[in-house]
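Heads up, target34.txt below (compact mmCIF, C-alpha atoms):
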# COMPACT_ATOMS: atom_id res chain seq x y z
CA MET X 2 23.73 25.66 16.09
CA SER X 3 26.11 22.72 15.64
CA ASP X 4 23.11 20.38 15.70
CA LYS X 5 21.51 22.19 12.83
CA GLN X 6 24.79 22.23 10.95
CA GLU X 7 25.01 18.49 11.37
CA ASN X 8 21.56 18.09 9.82
CA ILE X 9 22.65 20.00 6.81
CA VAL X 10 25.97 18.33 6.14
CA TRP X 11 24.95 14.82 7.18
CA HIS X 12 25.55 12.33 4.40
CA GLU X 13 23.14 9.51 3.91
CA SER X 14 24.84 6.25 4.75
CA THR X 15 22.77 3.52 3.16
CA ILE X 16 23.73 -0.08 3.70
CA THR X 17 24.77 -1.67 0.42
CA LYS X 18 23.45 -4.94 -0.96
CA GLN X 19 26.98 -6.29 -0.85
CA GLU X 20 27.30 -5.51 2.87
CA ARG X 21 23.99 -7.27 3.53
CA ARG X 22 25.06 -10.34 1.57
CA LYS X 23 28.34 -10.48 3.44
CA GLN X 24 26.57 -10.29 6.79
CA ASN X 25 24.03 -12.96 5.79
CA GLY X 26 26.70 -15.23 4.33
CA HIS X 27 24.90 -15.86 1.05
CA GLN X 28 23.87 -14.14 -2.16
CA SER X 29 20.44 -12.58 -2.56
CA PHE X 30 18.42 -13.36 -5.68
CA ILE X 31 15.01 -14.26 -7.09
CA LEU X 32 13.97 -17.83 -7.76
CA TRP X 33 11.02 -17.30 -10.06
CA PHE X 34 8.78 -20.39 -10.16
CA THR X 35 6.42 -20.43 -13.14
CA GLY X 36 3.99 -23.12 -14.29
CA LEU X 37 0.36 -24.17 -14.53
CA SER X 38 -2.02 -24.07 -11.59
CA ALA X 39 -1.45 -27.19 -9.46
CA SER X 40 1.96 -27.86 -11.04
CA GLY X 41 3.52 -27.62 -7.58
CA LYS X 42 5.14 -24.15 -7.65
CA SER X 43 4.10 -23.06 -4.19
CA THR X 44 4.71 -26.47 -2.63
CA VAL X 45 8.25 -26.74 -4.00
CA ALA X 46 9.01 -23.08 -3.16
CA ASN X 47 7.87 -23.47 0.43
CA ALA X 48 9.75 -26.76 0.86
CA LEU X 49 12.93 -25.16 -0.48
CA ALA X 50 12.43 -22.10 1.72
CA SER X 51 12.10 -24.30 4.82
CA SER X 52 15.31 -26.08 3.93
CA LEU X 53 17.20 -22.80 3.39
CA PHE X 54 15.74 -21.34 6.59
CA GLU X 55 16.96 -24.36 8.57
CA GLN X 56 20.41 -23.57 7.21
CA GLY X 57 20.10 -20.10 8.75
CA LYS X 58 19.56 -18.23 5.51
CA GLN X 59 17.33 -15.22 4.97
CA VAL X 60 14.57 -16.44 2.68
CA TYR X 61 11.01 -15.43 1.88
CA VAL X 62 8.25 -16.79 -0.35
CA LEU X 63 5.90 -14.52 -2.27
CA ASP X 64 2.79 -16.29 -3.48
CA GLY X 65 -0.92 -15.78 -3.96
CA ASP X 66 -1.56 -16.14 -0.24
CA ASN X 67 0.43 -13.11 0.82
CA VAL X 68 0.20 -10.96 -2.32
CA ARG X 69 -3.26 -11.37 -3.87
CA HIS X 70 -5.14 -10.36 -0.73
CA GLY X 71 -2.73 -7.57 0.14
CA LEU X 72 -0.59 -5.57 -2.26
CA ASN X 73 -2.46 -6.72 -5.36
CA LYS X 74 -5.99 -6.97 -4.05
CA ASP X 75 -7.07 -4.19 -6.42
CA LEU X 76 -6.17 -6.34 -9.44
CA GLY X 77 -8.30 -8.88 -11.29
CA PHE X 78 -7.39 -11.55 -13.82
CA LYS X 79 -7.64 -9.83 -17.17
CA GLU X 80 -4.45 -9.51 -19.18
CA GLU X 81 -3.60 -5.96 -18.11
CA ASP X 82 -4.15 -6.81 -14.46
CA ARG X 83 -2.08 -9.98 -14.72
CA LYS X 84 0.69 -7.87 -16.23
CA GLU X 85 0.53 -5.31 -13.41
CA ASN X 86 0.33 -8.16 -10.88
CA ILE X 87 3.62 -9.60 -12.12
CA ARG X 88 5.25 -6.17 -12.44
CA ARG X 89 4.54 -5.34 -8.80
CA ILE X 90 5.70 -8.76 -7.64
CA GLY X 91 8.88 -8.19 -9.61
CA GLU X 92 9.46 -4.78 -8.01
CA VAL X 93 8.81 -6.15 -4.51
CA SER X 94 11.17 -9.05 -5.22
CA LYS X 95 13.82 -6.53 -6.24
CA LEU X 96 13.43 -4.79 -2.85
CA PHE X 97 13.84 -8.12 -1.05
CA VAL X 98 16.96 -8.87 -3.08
CA ASP X 99 18.29 -5.42 -2.21
CA SER X 100 17.60 -6.20 1.45
CA GLY X 101 19.82 -9.29 1.20
CA GLN X 102 17.15 -11.97 1.11
CA ILE X 103 16.60 -14.94 -1.16
CA VAL X 104 13.10 -14.48 -2.53
CA LEU X 105 11.07 -17.32 -4.01
CA THR X 106 8.03 -16.37 -6.06
CA ALA X 107 5.29 -18.83 -6.91
CA PHE X 108 2.90 -17.44 -9.51
CA ILE X 109 1.55 -18.94 -12.73
CA SER X 110 2.99 -15.90 -14.57
CA PRO X 111 1.81 -17.23 -17.94
CA TYR X 112 3.19 -14.51 -20.22
CA ARG X 113 6.80 -14.63 -21.35
CA LYS X 114 7.10 -10.86 -21.74
CA ASP X 115 5.96 -10.29 -18.14
CA ARG X 116 8.57 -12.72 -16.79
CA ASP X 117 11.19 -11.10 -19.00
CA LEU X 118 10.23 -7.69 -17.59
CA VAL X 119 11.02 -8.95 -14.09
CA ARG X 120 14.27 -10.42 -15.36
CA SER X 121 15.22 -7.01 -16.70
CA LEU X 122 14.67 -5.35 -13.30
CA VAL X 123 17.60 -7.06 -11.62
CA GLY X 124 21.13 -8.17 -12.43
CA PRO X 125 21.70 -11.24 -14.65
CA GLU X 126 22.81 -13.36 -11.70
CA GLU X 127 19.85 -12.26 -9.61
CA PHE X 128 17.02 -13.86 -11.59
CA ILE X 129 16.66 -17.61 -11.83
CA GLU X 130 13.63 -18.78 -13.77
CA VAL X 131 12.40 -22.18 -12.62
CA TYR X 132 9.90 -23.82 -14.92
CA VAL X 133 7.75 -26.14 -12.85
CA HIS X 134 6.68 -28.56 -15.53
CA CYS X 135 3.64 -30.76 -15.23
CA SER X 136 1.23 -31.80 -17.97
CA LEU X 137 -2.18 -30.19 -18.12
CA GLU X 138 -3.73 -33.66 -17.74
CA GLU X 139 -1.87 -34.28 -14.48
CA CYS X 140 -2.61 -30.76 -13.13
CA GLU X 141 -6.27 -31.27 -13.93
CA LYS X 142 -6.22 -34.64 -12.19
CA ARG X 143 -4.65 -33.09 -9.06
CA ASP X 144 -6.96 -30.03 -9.07
CA PRO X 145 -6.59 -29.48 -5.30
CA LYS X 146 -8.86 -26.43 -5.24
CA GLY X 147 -11.35 -27.63 -7.85
CA LEU X 148 -10.37 -24.75 -10.13
CA TYR X 149 -9.93 -26.78 -13.31
CA LYS X 150 -13.37 -28.26 -12.84
CA LYS X 151 -14.85 -24.77 -12.48
CA ALA X 152 -12.89 -23.56 -15.52
CA ARG X 153 -14.21 -26.47 -17.61
CA ASN X 154 -17.71 -25.52 -16.47
CA HIS X 155 -17.10 -21.92 -17.59
CA GLU X 156 -17.43 -20.74 -13.99
CA ILE X 157 -13.94 -19.17 -14.16
CA PRO X 158 -13.11 -17.08 -17.23
CA SER X 159 -9.54 -16.83 -18.57
CA PHE X 160 -8.13 -19.82 -16.73
CA THR X 161 -4.55 -20.61 -17.73
CA GLY X 162 -4.29 -23.82 -19.74
CA ILE X 163 -8.03 -24.00 -20.36
CA SER X 164 -9.25 -20.67 -21.65
CA ALA X 165 -6.08 -18.56 -21.40
CA PRO X 166 -2.61 -19.27 -22.75
CA TYR X 167 0.48 -20.43 -20.86
CA GLU X 168 3.67 -19.46 -22.63
CA GLU X 169 6.38 -21.95 -21.72
CA PRO X 170 9.78 -20.49 -20.79
CA LYS X 171 12.12 -20.69 -23.77
CA ASP X 172 15.37 -20.83 -21.88
CA PRO X 173 14.71 -21.17 -18.14
CA GLU X 174 17.66 -21.55 -15.77
CA MET X 175 16.02 -24.68 -14.36
CA VAL X 176 13.23 -27.10 -15.18
CA LEU X 177 11.54 -29.25 -12.55
CA ASP X 178 9.29 -32.11 -13.58
CA THR X 179 6.85 -32.65 -10.75
CA GLU X 180 5.18 -35.53 -12.58
CA LYS X 181 8.35 -37.58 -12.61
CA TYR X 182 10.03 -36.42 -9.44
CA SER X 183 8.97 -36.01 -5.82
CA ILE X 184 8.97 -32.67 -4.02
CA LYS X 185 11.97 -33.84 -2.04
CA GLN X 186 13.86 -34.68 -5.23
CA CYS X 187 12.98 -31.30 -6.73
CA VAL X 188 14.22 -29.47 -3.63
CA GLU X 189 17.47 -31.44 -3.63
CA SER X 190 18.03 -30.67 -7.27
CA LEU X 191 17.47 -26.95 -6.61
CA LEU X 192 19.84 -26.95 -3.65
CA THR X 193 22.54 -28.64 -5.75
CA GLU X 194 22.10 -26.10 -8.53
CA LEU X 195 22.25 -23.11 -6.14
CA LYS X 196 25.44 -24.47 -4.57
CA GLN X 197 27.00 -25.01 -7.99
CA LYS X 198 26.19 -21.42 -8.89
CA GLN X 199 27.79 -20.38 -5.56
CA LEU X 200 24.63 -18.54 -4.60
CA ILE X 201 24.26 -20.28 -1.22
CA MET C 18 3.84 -43.92 -8.06
CA SER C 19 5.07 -43.12 -4.59
CA ASP C 20 6.51 -39.86 -5.91
CA LYS C 21 3.13 -38.81 -7.20
CA GLN C 22 1.52 -39.83 -3.96
CA GLU C 23 3.93 -37.61 -2.11
CA ASN C 24 2.94 -34.66 -4.28
CA ILE C 25 -0.66 -35.15 -3.39
CA VAL C 26 -0.30 -35.60 0.36
CA TRP C 27 2.52 -33.08 0.88
CA HIS C 28 1.57 -30.43 3.40
CA GLU C 29 2.79 -26.89 2.91
CA SER C 30 5.26 -26.02 5.61
CA THR C 31 5.56 -22.30 5.72
CA ILE C 32 8.02 -20.65 8.07
CA THR C 33 6.20 -18.60 10.70
CA LYS C 34 6.94 -14.99 11.59
CA GLN C 35 7.73 -16.16 15.12
CA GLU C 36 10.33 -18.66 13.86
CA ARG C 37 11.95 -15.92 11.80
CA ARG C 38 12.07 -13.51 14.74
CA LYS C 39 13.59 -16.18 16.95
CA GLN C 40 16.29 -16.91 14.37
CA ASN C 41 17.04 -13.21 13.88
CA GLY C 42 17.08 -12.49 17.60
CA HIS C 43 14.78 -9.48 17.42
CA GLN C 44 11.18 -8.51 16.73
CA SER C 45 10.06 -7.41 13.28
CA PHE C 46 7.99 -4.24 12.94
CA ILE C 47 7.43 -1.04 10.99
CA LEU C 48 8.95 2.27 12.07
CA TRP C 49 6.83 4.70 10.08
CA PHE C 50 8.57 8.07 9.75
CA THR C 51 6.21 10.87 8.74
CA GLY C 52 6.84 14.59 8.36
CA LEU C 53 7.35 17.46 5.96
CA SER C 54 9.76 17.33 3.06
CA ALA C 55 13.29 18.08 4.38
CA SER C 56 12.27 17.35 7.98
CA GLY C 57 14.93 14.63 8.11
CA LYS C 58 12.85 11.44 7.78
CA SER C 59 15.10 9.63 5.35
CA THR C 60 18.30 10.82 7.01
CA VAL C 61 17.25 9.65 10.47
CA ALA C 62 15.84 6.37 9.10
CA ASN C 63 19.05 5.57 7.24
CA ALA C 64 21.21 6.48 10.23
CA LEU C 65 19.13 4.27 12.52
CA ALA C 66 19.21 1.43 9.96
CA SER C 67 23.00 1.62 9.79
CA SER C 68 23.21 1.40 13.57
CA LEU C 69 20.84 -1.60 13.70
CA PHE C 70 22.69 -3.29 10.83
CA GLU C 71 26.00 -2.90 12.66
CA GLN C 72 24.35 -4.73 15.55
CA GLY C 73 23.66 -7.62 13.16
CA LYS C 74 19.95 -7.01 12.81
CA GLN C 75 17.84 -7.49 9.69
CA VAL C 76 16.72 -4.02 8.71
CA TYR C 77 15.59 -2.29 5.54
CA VAL C 78 14.60 1.27 4.60
CA LEU C 79 11.80 1.98 2.15
CA ASP C 80 11.88 5.52 0.81
CA GLY C 81 11.33 7.51 -2.33
CA ASP C 82 14.60 6.34 -3.82
CA ASN C 83 13.69 2.67 -3.98
CA VAL C 84 9.89 2.88 -4.23
CA ARG C 85 8.95 5.86 -6.41
CA HIS C 86 11.02 4.74 -9.41
CA GLY C 87 10.07 1.09 -9.02
CA LEU C 88 6.90 -0.31 -7.48
CA ASN C 89 5.05 3.01 -7.54
CA LYS C 90 6.39 4.56 -10.72
CA ASP C 91 2.88 4.44 -12.21
CA LEU C 92 1.59 6.83 -9.53
CA GLY C 93 1.55 10.61 -9.49
CA PHE C 94 0.96 13.09 -6.71
CA LYS C 95 -2.76 13.70 -6.72
CA GLU C 96 -4.69 12.64 -3.63
CA GLU C 97 -5.85 9.25 -4.96
CA ASP C 98 -2.34 8.40 -6.12
CA ARG C 99 -0.82 9.47 -2.81
CA LYS C 100 -3.32 7.21 -1.07
CA GLU C 101 -2.45 4.24 -3.30
CA ASN C 102 1.25 5.04 -2.86
CA ILE C 103 0.96 4.73 0.91
CA ARG C 104 -1.30 1.67 0.72
CA ARG C 105 1.24 -0.23 -1.39
CA ILE C 106 4.11 0.83 0.85
CA GLY C 107 2.07 -0.41 3.81
CA GLU C 108 1.44 -3.78 2.17
CA VAL C 109 5.11 -4.18 1.22
CA SER C 110 6.11 -3.24 4.76
CA LYS C 111 3.79 -5.94 6.05
CA LEU C 112 5.58 -8.50 3.86
CA PHE C 113 8.94 -7.37 5.24
CA VAL C 114 7.61 -7.66 8.80
CA ASP C 115 6.35 -11.15 7.97
CA SER C 116 9.82 -11.99 6.65
CA GLY C 117 11.30 -11.07 10.04
CA GLN C 118 12.81 -7.72 9.16
CA ILE C 119 12.66 -4.33 10.82
CA VAL C 120 11.36 -2.00 8.15
CA LEU C 121 11.82 1.77 8.29
CA THR C 122 9.68 3.83 5.95
CA ALA C 123 10.44 7.44 5.13
CA PHE C 124 7.58 9.13 3.29
CA ILE C 125 5.82 12.44 3.89
CA SER C 126 2.53 10.46 4.17
CA PRO C 127 0.55 13.64 4.87
CA TYR C 128 -2.90 12.13 5.38
CA ARG C 129 -3.88 10.71 8.75
CA LYS C 130 -6.33 8.20 7.29
CA ASP C 131 -3.66 6.74 5.00
CA ARG C 132 -1.25 6.24 7.90
CA ASP C 133 -4.06 4.72 9.95
CA LEU C 134 -4.81 2.33 7.11
CA VAL C 135 -1.23 1.03 7.29
CA ARG C 136 -1.51 0.78 11.07
CA SER C 137 -4.61 -1.41 10.61
CA LEU C 138 -2.73 -3.82 8.32
CA VAL C 139 -0.45 -5.15 11.06
CA GLY C 140 -0.57 -6.02 14.74
CA PRO C 141 -0.68 -3.23 17.35
CA GLU C 142 2.93 -3.86 18.39
CA GLU C 143 4.11 -3.90 14.79
CA PHE C 144 3.46 -0.28 13.82
CA ILE C 145 5.39 2.55 15.40
CA GLU C 146 4.55 5.98 14.07
CA VAL C 147 7.45 8.39 14.34
CA TYR C 148 6.57 12.01 13.76
CA VAL C 149 9.64 13.79 12.48
CA HIS C 150 8.84 17.29 13.56
CA CYS C 151 10.42 20.35 12.02
CA SER C 152 8.81 23.72 11.37
CA LEU C 153 7.86 24.66 7.83
CA GLU C 154 10.19 27.67 8.12
CA GLU C 155 13.17 25.48 8.92
CA CYS C 156 12.31 22.88 6.23
CA GLU C 157 12.04 25.69 3.72
CA LYS C 158 15.38 27.07 4.85
CA ARG C 159 17.04 23.65 4.43
CA ASP C 160 15.35 22.92 1.07
CA PRO C 161 18.15 20.54 -0.04
CA LYS C 162 16.51 19.75 -3.39
CA GLY C 163 15.11 23.22 -4.07
CA LEU C 164 11.56 21.82 -3.94
CA TYR C 165 10.10 24.46 -1.64
CA LYS C 166 11.41 27.18 -3.92
CA LYS C 167 9.77 25.51 -6.90
CA ALA C 168 6.54 25.04 -4.95
CA ARG C 169 6.50 28.74 -4.00
CA ASN C 170 6.99 29.56 -7.69
CA HIS C 171 4.01 27.32 -8.56
CA GLU C 172 6.31 25.01 -10.50
CA ILE C 173 5.19 22.06 -8.33
CA PRO C 174 1.46 21.66 -7.71
CA SER C 175 0.11 20.11 -4.50
CA PHE C 176 3.29 20.45 -2.46
CA THR C 177 2.82 19.41 1.17
CA GLY C 178 2.99 22.36 3.55
CA ILE C 179 2.68 24.93 0.75
CA SER C 180 -0.25 24.00 -1.48
CA ALA C 181 -1.33 20.67 0.04
CA PRO C 182 -2.12 19.82 3.67
CA TYR C 183 0.01 17.94 6.18
CA GLU C 184 -2.09 16.33 8.88
CA GLU C 185 0.00 16.02 12.03
CA PRO C 186 -0.14 12.67 13.84
CA LYS C 187 -2.55 12.91 16.77
CA ASP C 188 -1.01 10.24 18.94
CA PRO C 189 2.28 9.06 17.43
CA GLU C 190 4.37 6.50 19.33
CA MET C 191 7.35 8.85 19.05
CA VAL C 192 8.12 12.44 18.16
CA LEU C 193 11.55 13.57 16.99
CA ASP C 194 12.39 17.25 16.83
CA THR C 195 15.09 17.65 14.20
CA GLU C 196 15.27 21.38 14.76
CA LYS C 197 16.33 20.97 18.36
CA TYR C 198 18.24 17.71 18.22
CA SER C 199 20.99 16.31 16.04
CA ILE C 200 20.58 13.22 13.90
CA LYS C 201 22.80 11.36 16.34
CA GLN C 202 20.60 12.37 19.27
CA CYS C 203 17.46 11.32 17.37
CA VAL C 204 18.95 7.91 16.58
CA GLU C 205 19.98 7.39 20.20
CA SER C 206 16.54 8.30 21.41
CA LEU C 207 14.98 5.81 18.96
CA LEU C 208 17.36 3.05 20.02
CA THR C 209 16.51 3.66 23.68
CA GLU C 210 12.80 3.53 22.96
CA LEU C 211 13.06 0.32 20.91
CA LYS C 212 15.03 -1.33 23.70
CA GLN C 213 12.49 -0.23 26.29
CA LYS C 214 9.72 -1.74 24.18
CA GLN C 215 11.84 -4.92 23.98
CA LEU C 216 11.67 -4.82 20.22
CA ILE C 217 15.43 -5.07 19.69
Could you express the structure from this file as C-alpha cells?
Amino acid sequence: MSDKQENIVWHESTITKQERRKQNGHQSFILWFTGLSASGKSTVANALASSLFEQGKQVYVLDGDNVRHGLNKDLGFKEEDRKENIRRIGEVSKLFVDSGQIVLTAFISPYRKDRDLVRSLVGPEEFIEVYVHCSLEECEKRDPKGLYKKARNHEIPSFTGISAPYEEPKDPEMVLDTEKYSIKQCVESLLTELKQKQLI
Amino acid sequence: MSDKQENIVWHESTITKQERRKQNGHQSFILWFTGLSASGKSTVANALASSLFEQGKQVYVLDGDNVRHGLNKDLGFKEEDRKENIRRIGEVSKLFVDSGQIVLTAFISPYRKDRDLVRSLVGPEEFIEVYVHCSLEECEKRDPKGLYKKARNHEIPSFTGISAPYEEPKDPEMVLDTEKYSIKQCVESLLTELKQKQLI
C-alpha cells in the first residue's frame, strides 16, 4: 500500500534550466544565423560550434542537413511551409536551450516576422540574431551547390535573392561580413562578443 | 584575397556523436516511456532524469508539458495528428541523441506502428522502449487530472483506454509495473538495466 501511496503523492522534480546551466558552466541560448544561400551561415556556425566544443561546452548546430530530411521533411518551400519550417526550428531550439545547450541555427530564414516569432519564444537574453552578410553577387559567384545557376535557369522556383525576397534584419545583435573577413575572423569575433555578454 | 580563398576551401568540421559521447562520458539514447494516461510515465521519467543529472549526465525529458504547447501545438488528438505528434517527437529525440544527450520521452504513444517508426529512426542500441504498465482500473482510480472521469462522461473524445485503443508493446526492452512497485524502485531498476547495457 505504501508504494501506491508514494505514486499518488510523488511530486514531479524537474531539473531547472538554471541548474543545467550551472552544471554546464555556461549560459544556454540560441545563436540564430540568417543570410542568403552560400553566405557562409552553416560554415561559420559549425566552426564556432567546434571551437566551443573544444572548450568543453554543450553546443549543437541545427541546419538543413539534420532538420530538412528529418523533422521538417513534410514541408516544401512555399511561404507557409517556410514559416512552419522556421517555427518548428524555433520550438526545437527552445527545447535545446531549456536542456542547457548552446544552439546554433543556420537557415536562410528570409522573413523578418518568422525570425521575430522565434525571438518571442525565448527570453530576451536567449536569442542572438547573427546576420551573415554577403552580397548576392558574391554568393552567386561562390554557388557551391549550383543552386543560383538553377534558380537563374528557372529550375528552382522561389529562390531567395533571385525569385523570392530576403528581408534583412533591422537590428541584429551581430553582423558578420563574410566577404571581408575570413571564417576564422568571424568565429573570433563571435567568441569575443559571447564573452563580453558573459554567455560563455 | 586570402580571406576569400579560405571561405571557398574551408571544410565543414562537424562534431561527431561519438566525440560528444566521449566528452560527456556516457552513451546517448532514447528511453521511450509508453503507457496509459496516469500510469506514471512522466513521473518515473522525471525521477530518473533527476538521478542521472545528479550523476553529472546530460539528460532531458520530453513530455506533454514542453511539447504539446510548443512544437506540436498545431496538432489535435485524431489518429493522423497523434501519428504526426509521435513522428516529430521521434525526430526531435534523434537530434538530442545526436547532440550527445540521454533523452527520456513520456507520451501515451498508443499505436505500435508509431513507436516502431521512431525505433527505425535511430540505431538499434539507441532506442529503449519502456512499457509503463498499470491496469486501466488503477489509472482510472488515480486520475490526477480528472481526465478519465471526463472521458467516461463523453466530454473527451478518443481517450486512450476508454474510447481509443492502446496497443501494448509486443517486445519492449523494459517493463515497469507501477501498481506493484514504487517510483523509487522503478528508477533503481532502470538505472541497473542501463548500467548492465553499459549505456551509463
query = Which residues, written as a ChimeraX atom specification, have at least one atom at most 7 Å from range 106-113 of chain X, with all atoms listed in the file counted and residues fewer than 6 positions away on the same chain left out?
reply = /X:32-38,42-43,46,62-65,87,166-168,170
From X:Val188, X:Val131, X:Leu76, X:Ala165, residue lying nearest Arg153 in chain X [all atoms listed in the file] =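 The answer is X:Ala165, which sits nearest to Arg153 in chain X.
Of note, CA of Ile106 in chain C and CA of Ile32 in chain C are spaced 23.0 Å apart.
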ask   = Of the residues X:Leu105, X:Leu177, X:Val93, X:Ile157, which is the one nearest to chain C, using all atoms listed in the file?
value = X:Val93
message = Would you pick out the contacts of Tyr61 in chain X at 8 Å or less, using all atoms listed in the file, so that residues sharing its chain but fewer than 3 positions from it are not included, and give the list as JSON, numbers by chain?
response = {"X": [50, 102, 103, 104, 105], "C": [116]}
message = Excluding Met175 in chain X and its own-chain neighbours fewer than 4 positions away, which residues fall within 8 Å of it when counting all atoms listed in the file? Please give them as a PyMOL selection string.
response = chain X and resi 129-132
message = Would you compute the distance between CA of Val149 in chain C and CA of Leu134 in chain C? Give it in Å to one decimal.
response =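 One can read the CA of Val149 in chain C to CA of Leu134 in chain C distance as 19.2 Å.
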From the coordinates I just gave you, please extract range 76-149 of chain C so that only C-alpha atoms remain, then output it as a PDB file, in the first residue's frame.
ATOM      1  CA  VAL C  76      19.708  14.268 -19.813  1.00  0.00           C
ATOM      2  CA  TYR C  77      16.438  15.795 -20.949  1.00  0.00           C
ATOM      3  CA  VAL C  78      12.763  14.842 -20.668  1.00  0.00           C
ATOM      4  CA  LEU C  79      10.318  15.454 -23.495  1.00  0.00           C
ATOM      5  CA  ASP C  80       6.701  15.289 -22.379  1.00  0.00           C
ATOM      6  CA  GLY C  81       3.358  16.933 -22.904  1.00  0.00           C
ATOM      7  CA  ASP C  82       4.369  19.960 -20.877  1.00  0.00           C
ATOM      8  CA  ASN C  83       7.174  21.078 -23.159  1.00  0.00           C
ATOM      9  CA  VAL C  84       5.991  19.639 -26.486  1.00  0.00           C
ATOM     10  CA  ARG C  85       2.203  19.956 -26.719  1.00  0.00           C
ATOM     11  CA  HIS C  86       2.153  23.717 -26.121  1.00  0.00           C
ATOM     12  CA  GLY C  87       5.190  24.357 -28.294  1.00  0.00           C
ATOM     13  CA  LEU C  88       6.393  22.291 -31.239  1.00  0.00           C
ATOM     14  CA  ASN C  89       3.145  20.342 -31.575  1.00  0.00           C
ATOM     15  CA  LYS C  90       0.593  22.962 -30.613  1.00  0.00           C
ATOM     16  CA  ASP C  91      -0.851  22.798 -34.144  1.00  0.00           C
ATOM     17  CA  LEU C  92      -1.833  19.150 -33.634  1.00  0.00           C
ATOM     18  CA  GLY C  93      -5.002  17.697 -32.171  1.00  0.00           C
ATOM     19  CA  PHE C  94      -5.865  14.213 -30.980  1.00  0.00           C
ATOM     20  CA  LYS C  95      -7.241  12.467 -34.022  1.00  0.00           C
ATOM     21  CA  GLU C  96      -5.276   9.492 -35.331  1.00  0.00           C
ATOM     22  CA  GLU C  97      -3.351  11.375 -38.040  1.00  0.00           C
ATOM     23  CA  ASP C  98      -2.394  14.105 -35.588  1.00  0.00           C
ATOM     24  CA  ARG C  99      -1.322  11.580 -32.961  1.00  0.00           C
ATOM     25  CA  LYS C 100       0.853   9.950 -35.594  1.00  0.00           C
ATOM     26  CA  GLU C 101       2.464  13.261 -36.587  1.00  0.00           C
ATOM     27  CA  ASN C 102       2.857  14.123 -32.891  1.00  0.00           C
ATOM     28  CA  ILE C 103       4.896  10.983 -32.288  1.00  0.00           C
ATOM     29  CA  ARG C 104       6.861  11.352 -35.532  1.00  0.00           C
ATOM     30  CA  ARG C 105       8.006  14.861 -34.595  1.00  0.00           C
ATOM     31  CA  ILE C 106       8.878  13.788 -31.059  1.00  0.00           C
ATOM     32  CA  GLY C 107      10.900  10.952 -32.576  1.00  0.00           C
ATOM     33  CA  GLU C 108      12.779  13.301 -34.887  1.00  0.00           C
ATOM     34  CA  VAL C 109      13.500  15.751 -32.060  1.00  0.00           C
ATOM     35  CA  SER C 110      14.672  12.871 -29.879  1.00  0.00           C
ATOM     36  CA  LYS C 111      17.040  11.850 -32.659  1.00  0.00           C
ATOM     37  CA  LEU C 112      18.527  15.358 -32.660  1.00  0.00           C
ATOM     38  CA  PHE C 113      19.033  15.179 -28.891  1.00  0.00           C
ATOM     39  CA  VAL C 114      20.721  11.780 -29.244  1.00  0.00           C
ATOM     40  CA  ASP C 115      22.951  13.241 -31.953  1.00  0.00           C
ATOM     41  CA  SER C 116      23.812  16.086 -29.574  1.00  0.00           C
ATOM     42  CA  GLY C 117      25.039  13.543 -27.013  1.00  0.00           C
ATOM     43  CA  GLN C 118      22.140  13.648 -24.589  1.00  0.00           C
ATOM     44  CA  ILE C 119      20.072  10.949 -22.954  1.00  0.00           C
ATOM     45  CA  VAL C 120      16.500  11.764 -23.880  1.00  0.00           C
ATOM     46  CA  LEU C 121      13.509  10.437 -21.951  1.00  0.00           C
ATOM     47  CA  THR C 122      10.133  10.732 -23.642  1.00  0.00           C
ATOM     48  CA  ALA C 123       6.874  10.385 -21.758  1.00  0.00           C
ATOM     49  CA  PHE C 124       3.898  10.109 -24.099  1.00  0.00           C
ATOM     50  CA  ILE C 125       0.998   7.655 -24.189  1.00  0.00           C
ATOM     51  CA  SER C 126       2.037   6.800 -27.789  1.00  0.00           C
ATOM     52  CA  PRO C 127      -0.742   4.222 -28.099  1.00  0.00           C
ATOM     53  CA  TYR C 128      -0.023   2.930 -31.604  1.00  0.00           C
ATOM     54  CA  ARG C 129       2.602   0.251 -32.140  1.00  0.00           C
ATOM     55  CA  LYS C 130       3.433   1.382 -35.666  1.00  0.00           C
ATOM     56  CA  ASP C 131       4.142   4.933 -34.497  1.00  0.00           C
ATOM     57  CA  ARG C 132       6.545   3.705 -31.808  1.00  0.00           C
ATOM     58  CA  ASP C 133       8.179   1.407 -34.344  1.00  0.00           C
ATOM     59  CA  LEU C 134       8.627   4.347 -36.691  1.00  0.00           C
ATOM     60  CA  VAL C 135      10.626   6.154 -34.007  1.00  0.00           C
ATOM     61  CA  ARG C 136      12.630   2.984 -33.363  1.00  0.00           C
ATOM     62  CA  SER C 137      13.532   2.904 -37.074  1.00  0.00           C
ATOM     63  CA  LEU C 138      14.872   6.476 -36.968  1.00  0.00           C
ATOM     64  CA  VAL C 139      17.849   5.640 -34.765  1.00  0.00           C
ATOM     65  CA  GLY C 140      20.360   2.855 -34.257  1.00  0.00           C
ATOM     66  CA  PRO C 141      19.272  -0.399 -32.567  1.00  0.00           C
ATOM     67  CA  GLU C 142      21.143   0.458 -29.367  1.00  0.00           C
ATOM     68  CA  GLU C 143      19.682   3.955 -29.283  1.00  0.00           C
ATOM     69  CA  PHE C 144      16.016   3.144 -28.679  1.00  0.00           C
ATOM     70  CA  ILE C 145      14.858   1.583 -25.449  1.00  0.00           C
ATOM     71  CA  GLU C 146      11.126   1.066 -25.188  1.00  0.00           C
ATOM     72  CA  VAL C 147       9.905   1.150 -21.612  1.00  0.00           C
ATOM     73  CA  TYR C 148       6.368  -0.080 -21.107  1.00  0.00           C
ATOM     74  CA  VAL C 149       4.951   1.591 -18.037  1.00  0.00           C
TER      75      VAL C 149
END
